[in-house]
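Engineer: This one is structure26.pdb, PDB, C-alpha atoms.
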```pdb
ATOM      1  CA  MET A   1      91.439  47.508 124.194
ATOM      2  CA  SER A   2      92.881  46.870 120.761
ATOM      3  CA  SER A   3      91.593  44.286 118.326
ATOM      4  CA  SER A   4      94.865  42.374 118.597
ATOM      5  CA  ASN A   5      93.987  41.536 122.178
ATOM      6  CA  GLN A   6      90.809  39.805 121.053
ATOM      7  CA  GLU A   7      92.538  37.141 119.022
ATOM      8  CA  SER A   8      93.810  34.862 121.764
ATOM      9  CA  PRO A   9      91.878  31.566 121.772
ATOM     10  CA  ALA A  10      92.772  30.742 125.371
ATOM     11  CA  GLN A  11      90.111  30.685 128.028
ATOM     12  CA  ARG A  12      90.881  30.283 131.677
ATOM     13  CA  THR A  13      87.656  29.508 133.456
ATOM     14  CA  GLY A  14      83.916  29.597 133.504
ATOM     15  CA  ALA A  15      82.639  30.007 129.963
ATOM     16  CA  HIS A  16      83.215  26.471 128.751
ATOM     17  CA  ARG A  17      81.105  24.944 131.472
ATOM     18  CA  ALA A  18      77.769  26.180 130.215
ATOM     19  CA  HIS A  19      78.178  25.198 126.593
ATOM     20  CA  GLY A  20      77.317  21.549 127.102
ATOM     21  CA  ARG A  21      77.461  19.122 124.247
ATOM     22  CA  THR A  22      78.408  20.735 120.969
ATOM     23  CA  PRO A  23      75.553  20.356 118.469
ATOM     24  CA  PRO A  24      76.374  18.506 115.261
ATOM     25  CA  GLU A  25      77.243  20.490 112.210
ATOM     26  CA  GLY A  26      74.523  21.117 109.679
ATOM     27  CA  PRO A  27      71.490  22.447 111.571
ATOM     28  CA  ASP A  28      69.605  22.503 108.249
ATOM     29  CA  ALA A  29      68.551  18.999 109.155
ATOM     30  CA  LEU A  30      66.101  20.616 111.554
ATOM     31  CA  GLY A  31      64.320  22.302 108.710
ATOM     32  CA  GLY A  32      64.884  19.783 105.956
ATOM     33  CA  SER A  33      62.503  17.521 104.098
ATOM     34  CA  GLY A  34      62.730  14.219 105.918
ATOM     35  CA  GLY A  35      66.045  13.085 104.537
ATOM     36  CA  GLU A  36      65.463  13.868 100.856
ATOM     37  CA  GLN A  37      68.552  15.111  99.086
ATOM     38  CA  PRO A  38      68.157  18.024  96.668
ATOM     39  CA  SER A  39      68.942  17.229  93.068
ATOM     40  CA  GLN A  40      71.065  20.350  92.762
ATOM     41  CA  SER A  41      72.853  22.314  95.450
ATOM     42  CA  PRO A  42      71.583  25.879  95.836
ATOM     43  CA  PRO A  43      73.991  28.694  95.001
ATOM     44  CA  PRO A  44      76.116  29.943  97.894
ATOM     45  CA  PHE A  45      75.042  32.998  99.824
ATOM     46  CA  ARG A  46      76.650  36.221  98.702
ATOM     47  CA  HIS A  47      77.818  36.908 102.263
ATOM     48  CA  GLU A  48      78.511  33.295 103.197
ATOM     49  CA  PRO A  49      81.618  33.966 105.387
ATOM     50  CA  TYR A  50      79.543  36.062 107.784
ATOM     51  CA  LEU A  51      76.424  33.886 108.103
ATOM     52  CA  ASP A  52      77.294  31.967 111.270
ATOM     53  CA  GLY A  53      78.431  35.092 113.073
ATOM     54  CA  LEU A  54      75.372  37.101 112.056
ATOM     55  CA  PHE A  55      72.998  34.309 113.083
ATOM     56  CA  THR A  56      74.781  33.919 116.432
ATOM     57  CA  TYR A  57      74.515  37.651 117.078
ATOM     58  CA  CYS A  58      70.795  37.685 116.218
ATOM     59  CA  LEU A  59      70.228  34.643 118.438
ATOM     60  CA  SER A  60      72.055  36.285 121.355
ATOM     61  CA  VAL A  61      69.854  39.389 121.072
ATOM     62  CA  LEU A  62      66.487  37.725 120.398
ATOM     63  CA  CYS A  63      66.992  34.394 122.249
ATOM     64  CA  ASP A  64      64.676  32.679 119.778
ATOM     65  CA  HIS A  65      65.750  30.436 116.891
ATOM     66  CA  ASP A  66      62.861  31.285 114.542
ATOM     67  CA  ALA A  67      63.107  35.024 115.156
ATOM     68  CA  ALA A  68      66.872  34.971 114.602
ATOM     69  CA  THR A  69      66.381  33.044 111.353
ATOM     70  CA  ASP A  70      63.799  35.542 110.083
ATOM     71  CA  VAL A  71      65.949  38.525 111.039
ATOM     72  CA  LEU A  72      69.034  37.067 109.347
ATOM     73  CA  ALA A  73      66.975  36.501 106.210
ATOM     74  CA  GLU A  74      65.820  40.112 106.377
ATOM     75  CA  VAL A  75      69.401  41.349 106.761
ATOM     76  CA  LEU A  76      70.568  39.357 103.738
ATOM     77  CA  ALA A  77      67.571  40.537 101.712
ATOM     78  CA  VAL A  78      68.327  44.173 102.526
ATOM     79  CA  ALA A  79      72.004  43.673 101.678
ATOM     80  CA  GLU A  80      71.048  42.234  98.291
ATOM     81  CA  ARG A  81      68.419  44.911  97.695
ATOM     82  CA  TYR A  82      70.960  47.712  98.130
ATOM     83  CA  PRO A  83      74.192  46.336  96.660
ATOM     84  CA  GLY A  84      75.457  49.845  95.973
ATOM     85  CA  ARG A  85      75.501  50.619  99.681
ATOM     86  CA  CYS A  86      77.589  47.562 100.555
ATOM     87  CA  PRO A  87      81.110  48.744 101.472
ATOM     88  CA  ASP A  88      84.342  47.180 100.339
ATOM     89  CA  GLU A  89      85.668  44.064 102.032
ATOM     90  CA  GLY A  90      87.386  45.983 104.824
ATOM     91  CA  ASP A  91      84.145  47.563 106.102
ATOM     92  CA  ARG A  92      81.628  44.948 104.936
ATOM     93  CA  ARG A  93      81.519  42.949 108.159
ATOM     94  CA  ALA A  94      80.730  46.002 110.293
ATOM     95  CA  TRP A  95      78.041  47.064 107.807
ATOM     96  CA  LEU A  96      76.342  43.646 107.972
ATOM     97  CA  TYR A  97      76.468  43.562 111.771
ATOM     98  CA  ALA A  98      75.026  47.072 111.893
ATOM     99  CA  LEU A  99      72.176  45.874 109.662
ATOM    100  CA  ALA A 100      71.644  42.893 111.970
ATOM    101  CA  ARG A 101      71.561  45.153 115.023
ATOM    102  CA  TRP A 102      69.036  47.468 113.364
ATOM    103  CA  ALA A 103      66.802  44.527 112.428
ATOM    104  CA  CYS A 104      67.034  42.958 115.907
ATOM    105  CA  LEU A 105      66.188  46.212 117.668
ATOM    106  CA  ARG A 106      63.206  46.717 115.368
ATOM    107  CA  ARG A 107      62.006  43.171 116.040
ATOM    108  CA  LEU A 108      62.288  43.721 119.797
ATOM    109  CA  ALA A 109      60.365  47.000 119.525
ATOM    110  CA  GLU A 110      57.604  45.261 117.561
ATOM    111  CA  HIS A 111      57.468  42.533 120.203
ATOM    112  CA  ARG A 112      57.104  45.105 122.982
ATOM    113  CA  ARG A 113      54.281  46.843 121.122
ATOM    114  CA  SER A 114      52.468  43.571 120.529
ATOM    115  CA  ARG A 115      52.772  42.644 124.202
ATOM    116  CA  ALA A 116      51.421  46.035 125.218
ATOM    117  CA  GLY A 117      48.446  45.556 122.908
ATOM    118  CA  ALA A 118      47.785  42.077 124.253
ATOM    119  CA  HIS A 119      46.476  43.529 127.519
ATOM    120  CA  SER A 120      43.395  44.857 125.710
ATOM    121  CA  ALA A 121      42.845  41.784 123.519
ATOM    122  CA  ARG A 122      42.064  38.151 124.149
ATOM    123  CA  ARG A 123      45.296  36.353 124.950
ATOM    124  CA  THR A 124      46.427  33.729 122.457
ATOM    125  CA  PRO A 125      48.336  30.797 123.987
ATOM    126  CA  GLU A 126      51.982  30.786 122.989
ATOM    127  CA  ARG A 127      52.976  27.905 120.746
ATOM    128  CA  SER A 128      55.263  25.308 122.196
ATOM    129  CA  ASP A 129      58.523  24.180 120.607
ATOM    130  CA  ALA A 130      56.689  21.116 119.315
ATOM    131  CA  GLU A 131      54.058  23.272 117.598
ATOM    132  CA  ARG A 132      56.700  25.541 116.101
ATOM    133  CA  ALA A 133      58.704  22.615 114.775
ATOM    134  CA  PRO A 134      58.538  21.736 111.063
ATOM    135  CA  GLN A 135      55.619  19.521 110.081
ATOM    136  CA  GLU A 136      57.799  16.488 109.397
ATOM    137  CA  TYR A 137      58.969  16.502 113.029
ATOM    138  CA  ARG A 138      55.502  16.967 114.482
ATOM    139  CA  SER A 139      54.291  13.975 112.508
ATOM    140  CA  GLY A 140      57.357  11.928 113.430
ATOM    141  CA  THR A 141      58.486  11.434 109.820
ATOM    142  CA  GLY A 142      61.659  13.486 110.074
ATOM    143  CA  SER A 143      64.767  12.944 112.118
ATOM    144  CA  ALA A 144      67.013  15.495 113.729
ATOM    145  CA  PRO A 145      70.682  14.748 114.372
ATOM    146  CA  GLY A 146      70.982  12.008 116.964
ATOM    147  CA  SER A 147      67.234  11.400 117.090
ATOM    148  CA  GLY A 148      65.241   8.223 117.102
ATOM    149  CA  SER A 149      62.213   7.417 114.991
ATOM    150  CA  GLY A 150      59.068   9.262 115.995
ATOM    151  CA  SER A 151      60.709  11.688 118.426
ATOM    152  CA  GLY A 152      61.904  14.385 116.045
ATOM    153  CA  PHE A 153      60.209  17.409 117.584
ATOM    154  CA  LEU A 154      61.688  16.633 121.004
ATOM    155  CA  ASP A 155      65.141  16.675 119.426
ATOM    156  CA  VAL A 156      64.425  19.995 117.720
ATOM    157  CA  SER A 157      63.535  21.497 121.079
ATOM    158  CA  ALA A 158      66.643  20.024 122.715
ATOM    159  CA  TYR A 159      68.847  21.245 119.867
ATOM    160  CA  ARG A 160      67.557  24.773 120.219
ATOM    161  CA  ARG A 161      68.131  24.735 123.945
ATOM    162  CA  THR A 162      71.689  23.620 123.202
ATOM    163  CA  GLU A 163      72.071  26.538 120.785
ATOM    164  CA  LEU A 164      71.177  29.010 123.513
ATOM    165  CA  ALA A 165      73.385  27.206 126.031
ATOM    166  CA  ARG A 166      76.375  27.721 123.742
ATOM    167  CA  LEU A 167      75.891  31.476 124.130
ATOM    168  CA  ALA A 168      76.256  31.327 127.917
ATOM    169  CA  TRP A 169      79.222  33.297 129.265
ATOM    170  CA  PRO A 170      79.335  33.220 133.078
ATOM    171  CA  GLU A 171      82.319  35.538 133.274
ATOM    172  CA  ALA A 172      80.232  38.355 131.750
ATOM    173  CA  ALA A 173      77.499  38.082 134.401
ATOM    174  CA  GLY A 174      78.432  41.407 136.015
ATOM    175  CA  THR A 175      78.320  43.583 132.902
ATOM    176  CA  THR A 176      75.620  46.034 131.905
ATOM    177  CA  PRO A 177      73.570  45.303 128.753
ATOM    178  CA  ALA A 178      75.625  47.834 126.775
ATOM    179  CA  GLN A 179      78.891  46.342 128.033
ATOM    180  CA  ARG A 180      77.709  42.819 127.292
ATOM    181  CA  GLU A 181      76.789  43.714 123.715
ATOM    182  CA  ALA A 182      80.195  45.319 123.195
ATOM    183  CA  LEU A 183      81.883  42.242 124.681
ATOM    184  CA  GLU A 184      79.941  39.881 122.444
ATOM    185  CA  LEU A 185      80.885  41.800 119.325
ATOM    186  CA  ALA A 186      84.522  42.255 120.316
ATOM    187  CA  VAL A 187      85.262  38.823 121.807
ATOM    188  CA  ARG A 188      82.893  36.300 120.241
ATOM    189  CA  HIS A 189      82.744  38.006 116.837
ATOM    190  CA  ARG A 190      86.278  39.442 116.853
ATOM    191  CA  LEU A 191      85.323  42.971 115.829
ATOM    192  CA  GLY A 192      87.997  45.566 116.413
ATOM    193  CA  VAL A 193      87.289  48.904 118.073
ATOM    194  CA  PRO A 194      86.649  50.807 114.795
ATOM    195  CA  GLU A 195      84.210  48.098 113.648
ATOM    196  CA  LEU A 196      82.555  48.016 117.060
ATOM    197  CA  ALA A 197      82.102  51.773 117.034
ATOM    198  CA  ALA A 198      80.561  51.607 113.565
ATOM    199  CA  VAL A 199      78.095  48.884 114.607
ATOM    200  CA  LEU A 200      77.066  50.633 117.825
ATOM    201  CA  GLY A 201      76.972  54.057 116.191
ATOM    202  CA  THR A 202      79.316  55.597 118.771
ATOM    203  CA  PRO A 203      82.703  57.323 118.556
ATOM    204  CA  PRO A 204      85.642  54.915 118.880
ATOM    205  CA  VAL A 205      86.676  56.453 122.206
ATOM    206  CA  LEU A 206      83.298  55.549 123.737
ATOM    207  CA  ALA A 207      83.445  52.033 122.296
ATOM    208  CA  ARG A 208      86.906  51.618 123.841
ATOM    209  CA  GLU A 209      85.615  52.850 127.210
ATOM    210  CA  LEU A 210      82.742  50.354 127.058
ATOM    211  CA  LEU A 211      85.158  47.503 126.470
ATOM    212  CA  ALA A 212      87.534  48.662 129.207
ATOM    213  CA  GLY A 213      84.723  48.812 131.764
ATOM    214  CA  ALA A 214      83.442  45.417 130.653
ATOM    215  CA  ALA A 215      86.927  43.931 130.919
ATOM    216  CA  CYS A 216      87.182  45.107 134.530
ATOM    217  CA  GLU A 217      83.919  43.365 135.410
ATOM    218  CA  VAL A 218      84.977  40.157 133.655
ATOM    219  CA  GLU A 219      88.259  40.155 135.572
ATOM    220  CA  ARG A 220      86.418  40.619 138.890
ATOM    221  CA  THR A 221      84.120  37.730 138.014
ATOM    222  CA  ARG A 222      87.085  35.522 137.077
ATOM    223  CA  ALA A 223      88.666  36.233 140.438
ATOM    224  CA  ALA A 224      85.415  35.309 142.197
ATOM    225  CA  LEU A 225      85.183  32.060 140.188
ATOM    226  CA  ALA A 226      88.785  31.254 141.113
ATOM    227  CA  VAL A 227      87.842  31.664 144.773
ATOM    228  CA  VAL A 228      84.935  29.259 144.256
ATOM    229  CA  GLU A 229      87.255  26.693 142.662
ATOM    230  CA  THR A 230      89.600  26.695 145.651
ATOM    231  CA  GLY A 231      86.740  25.634 147.930
ATOM    232  CA  GLY A 232      88.583  26.924 150.995
ATOM    233  CA  CYS A 233      86.014  29.372 152.383
ATOM    234  CA  PRO A 234      82.885  28.166 154.231
ATOM    235  CA  SER A 235      81.029  31.377 153.375
ATOM    236  CA  VAL A 236      81.581  30.795 149.660
ATOM    237  CA  SER A 237      80.359  27.212 150.030
ATOM    238  CA  ARG A 238      77.176  28.497 151.648
ATOM    239  CA  LEU A 239      76.642  30.965 148.800
ATOM    240  CA  THR A 240      77.197  28.443 146.013
ATOM    241  CA  GLY A 241      75.720  25.363 147.717
ATOM    242  CA  GLU A 242      77.056  21.860 147.700
ATOM    243  CA  GLY A 243      77.940  20.640 144.234
ATOM    244  CA  ASP A 244      80.653  19.343 141.959
ATOM    245  CA  GLY A 245      82.417  22.691 141.644
ATOM    246  CA  GLN A 246      80.321  23.883 138.690
ATOM    247  CA  VAL A 247      78.345  27.006 139.545
ATOM    248  CA  LEU A 248      75.358  28.405 137.687
ATOM    249  CA  LEU A 249      76.471  32.014 137.982
ATOM    250  CA  SER A 250      73.504  34.362 137.976
ATOM    251  CA  THR A 251      73.862  38.127 138.175
ATOM    252  CA  THR A 252      72.704  38.084 141.804
ATOM    253  CA  LEU A 253      75.093  35.305 142.842
ATOM    254  CA  ARG A 254      77.941  37.001 141.048
ATOM    255  CA  ALA A 255      77.299  40.247 142.933
ATOM    256  CA  GLU A 256      77.268  38.378 146.253
ATOM    257  CA  LEU A 257      80.506  36.542 145.438
ATOM    258  CA  VAL A 258      82.314  39.701 144.344
ATOM    259  CA  ARG A 259      81.124  41.503 147.470
ATOM    260  CA  HIS A 260      82.319  38.626 149.627
ATOM    261  CA  VAL A 261      85.745  38.576 147.928
ATOM    262  CA  ASP A 262      86.103  42.282 148.691
ATOM    263  CA  ASP A 263      85.212  41.773 152.369
ATOM    264  CA  CYS A 264      86.875  38.426 153.180
ATOM    265  CA  PRO A 265      90.676  38.644 153.801
ATOM    266  CA  ARG A 266      91.247  34.984 152.868
ATOM    267  CA  CYS A 267      89.324  35.172 149.601
ATOM    268  CA  ARG A 268      90.831  38.541 148.759
ATOM    269  CA  ARG A 269      94.318  37.030 148.966
ATOM    270  CA  VAL A 270      93.239  34.245 146.597
ATOM    271  CA  ALA A 271      91.853  36.820 144.152
ATOM    272  CA  GLU A 272      95.045  38.871 144.375
ATOM    273  CA  ARG A 273      97.134  35.818 143.494
ATOM    274  CA  VAL A 274      94.890  35.171 140.495
ATOM    275  CA  ASN A 275      95.269  38.754 139.274
ATOM    276  CA  ALA A 276      98.985  39.068 140.122
ATOM    277  CA  ALA A 277     100.168  37.924 136.696
ATOM    278  CA  ALA A 278      97.389  39.729 134.822
ATOM    279  CA  PRO A 279      97.724  43.212 133.328
ATOM    280  CA  TRP A 280      96.151  46.248 134.954
ATOM    281  CA  PRO A 281      92.334  45.785 135.041
ATOM    282  CA  GLY A 282      90.685  46.844 131.827
ATOM    283  CA  THR A 283      93.903  47.127 129.810
ATOM    284  CA  GLY A 284      94.790  43.561 128.891
ATOM    285  CA  GLY A 285      91.866  42.538 126.753
ATOM    286  CA  ILE A 286      89.763  39.458 127.328
ATOM    287  CA  ASP A 287      90.952  35.977 126.523
ATOM    288  CA  ALA A 288      87.971  33.768 125.728
ATOM    289  CA  ALA A 289      87.148  31.244 123.031
ATOM    290  CA  LEU A 290      83.419  31.710 122.492
ATOM    291  CA  PRO A 291      81.698  29.532 119.884
ATOM    292  CA  LEU A 292      79.430  30.549 117.035
ATOM    293  CA  VAL A 293      76.131  28.809 116.296
ATOM    294  CA  PRO A 294      75.870  27.524 112.691
ATOM    295  CA  ALA A 295      73.214  29.364 110.710
ATOM    296  CA  PRO A 296      70.295  27.207 109.441
ATOM    297  CA  ARG A 297      70.925  27.983 105.790
ATOM    298  CA  THR A 298      67.931  26.135 104.316
ATOM    299  CA  ALA A 299      65.561  27.872 106.712
ATOM    300  CA  VAL A 300      67.189  31.223 105.990
ATOM    301  CA  ARG A 301      66.622  30.742 102.249
ATOM    302  CA  ALA A 302      62.979  29.917 102.869
ATOM    303  CA  ALA A 303      62.601  32.990 105.072
ATOM    304  CA  MET A 304      64.165  35.171 102.381
ATOM    305  CA  VAL A 305      61.557  33.926  99.911
ATOM    306  CA  ARG A 306      58.775  34.694 102.395
ATOM    307  CA  SER A 307      60.151  38.147 103.154
ATOM    308  CA  GLY A 308      60.175  38.959  99.434
ATOM    309  CA  GLY A 309      56.386  39.060  99.454
ATOM    310  CA  ARG A 310      56.349  41.482 102.383
ATOM    311  CA  ARG A 311      58.993  43.802 100.963
ATOM    312  CA  GLY A 312      56.623  46.663 100.215
ATOM    313  CA  ARG A 313      55.087  46.677 103.683
ATOM    314  CA  ARG A 314      58.171  47.335 105.773
ATOM    315  CA  PRO A 315      60.576  50.247 105.352
ATOM    316  CA  GLY A 316      64.248  49.497 105.069
ATOM    317  CA  PRO A 317      67.029  51.130 107.054
ATOM    318  CA  ARG A 318      67.929  54.703 106.268
TER     319      ARG A 318
END
```
Before anything else, please render the file you have as structure tokens.
Structural biologist:
Amino acid sequence: MSSSNQESPAQRTGAHRAHGRTPPEGPDALGGSGGEQPSQSPPPFRHEPYLDGLFTYCLSVLCDHDAATDVLAEVLAVAERYPGRCPDEGDRRAWLYALARWACLRRLAEHRRSRAGAHSARRTPERSDAERAPQEYRSGTGSAPGSGSGSGFLDVSAYRRTELARLAWPEAAGTTPAQREALELAVRHRLGVPELAAVLGTPPVLARELLAGAACEVERTRAALAVVETGGCPSVSRLTGEGDGQVLLSTTLRAELVRHVDDCPRCRRVAERVNAAAPWPGTGGIDAALPLVPAPRTAVRAAMVRSGGRRGRRPGPR
């Protein structure tokens, strides 16, 4: 799959349904100071063009707003700490995404170790979204976008759920974790095969094979979703339940639908008509317009300041 095939903004089915209402621009309001305007705008980030993409990638890996914010701050701090290692413009994006991947994998490893150690220690209750929210929202003095007075922390929680919902991609439900990561980088973040290979640390031929296999699974899922949309098969209706045509496509349901399409002559003919005009499976690229989540720039700056005090405790990437 070439990078030119990733550029089409068209999307045929499935992915747009799970995004829900698009959050307002400027998520810094969730970490602001109760409506006070700064007297002077802070200087722009050195890697400003990549911030939204990097934050979205971290959020897709960690599935937690605060953790993604901290990891993005760490990535930017490392990039500023080693300016001599930063490549030229052509390779800079892949370098930053590779840093983000390294930081996310380290964070996940630390989380697994802490969970393993929790079995031998007294369990501490996990904080709720309300407890993790900034103080001005817990006290009701702040206001998130679209919020009413005194209900700020509820809006913070809803906003963060909306962030995660924007990352939903039903058509990728049948991919392996490695294929899904390659898809995210190639389709949502528009990385070409050489950049993808650099981020994943694999030869380009293996990166291309990952994308080809993932494309096949996406095309099979699209065919199954097209069968669902026709509503002409009672067996499919029993699998998906009665509804308005919108299906919450889990991995298990996707496997059952694909298996049914393979076995049912009527549904197989529908799937063949859907794929008739498409290129050979795995060779045509993936057409999808997947959104990015705006990075909370104020919170990232604050996290960079906090990480500066911990710089000596944690080793950087080799």
Engineer: Which polymer residues have any atom within 9 Å of an atom of Ala68 in chain A, counting all atoms listed in the file, with same-chain residues fewer than 2 positions away left out, as a ChimeraX atom specification?
Structural biologist: /A:55-66,70-73,104
Engineer: For the structure shown, which residues end up in the PyMOL selection byres ((chain A and resi 173-181) around 8)? Put them as a count of residues only, please?
Structural biologist: 20
Engineer: Just checking: using all atoms listed in the file, which residue out of A:Leu239, A:Ala168, A:Leu206, A:Leu51 ends up closest to Arg297 in chain A?
Structural biologist: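 Using all atoms listed in the file, Arg297 in chain A sits closest to A:Leu51.
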Engineer: Give as a ChimeraX atom specification the residues that the PyMOL selection byres ((chain A and resi 52) around 7) matches when applied to the coordinates above.
Structural biologist: /A:50-51,53-56,292-295
Engineer: Between CA of Gly232 in chain A and CA of Arg220 in chain A, measure the distance and give it in Å to one decimal.
Structural biologist: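 Interatomic distance here is 18.4 Å.
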Engineer: For the atom pair CA of Ala303 in chain A and CA of Arg106 in chain A, what is the interatomic distance in Å to one decimal place?
Structural biologist: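 Distance between the two atoms: 17.2 Å.
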Engineer: May I ask which of the residues A:Arg273, A:Arg190, A:His260, A:Arg301 is the closest one to Ile286 in chain A, counting only C-alpha atoms?
Structural biologist: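 When distances to Ile286 in chain A are compared using only C-alpha atoms, the smallest one comes from A:Arg190.
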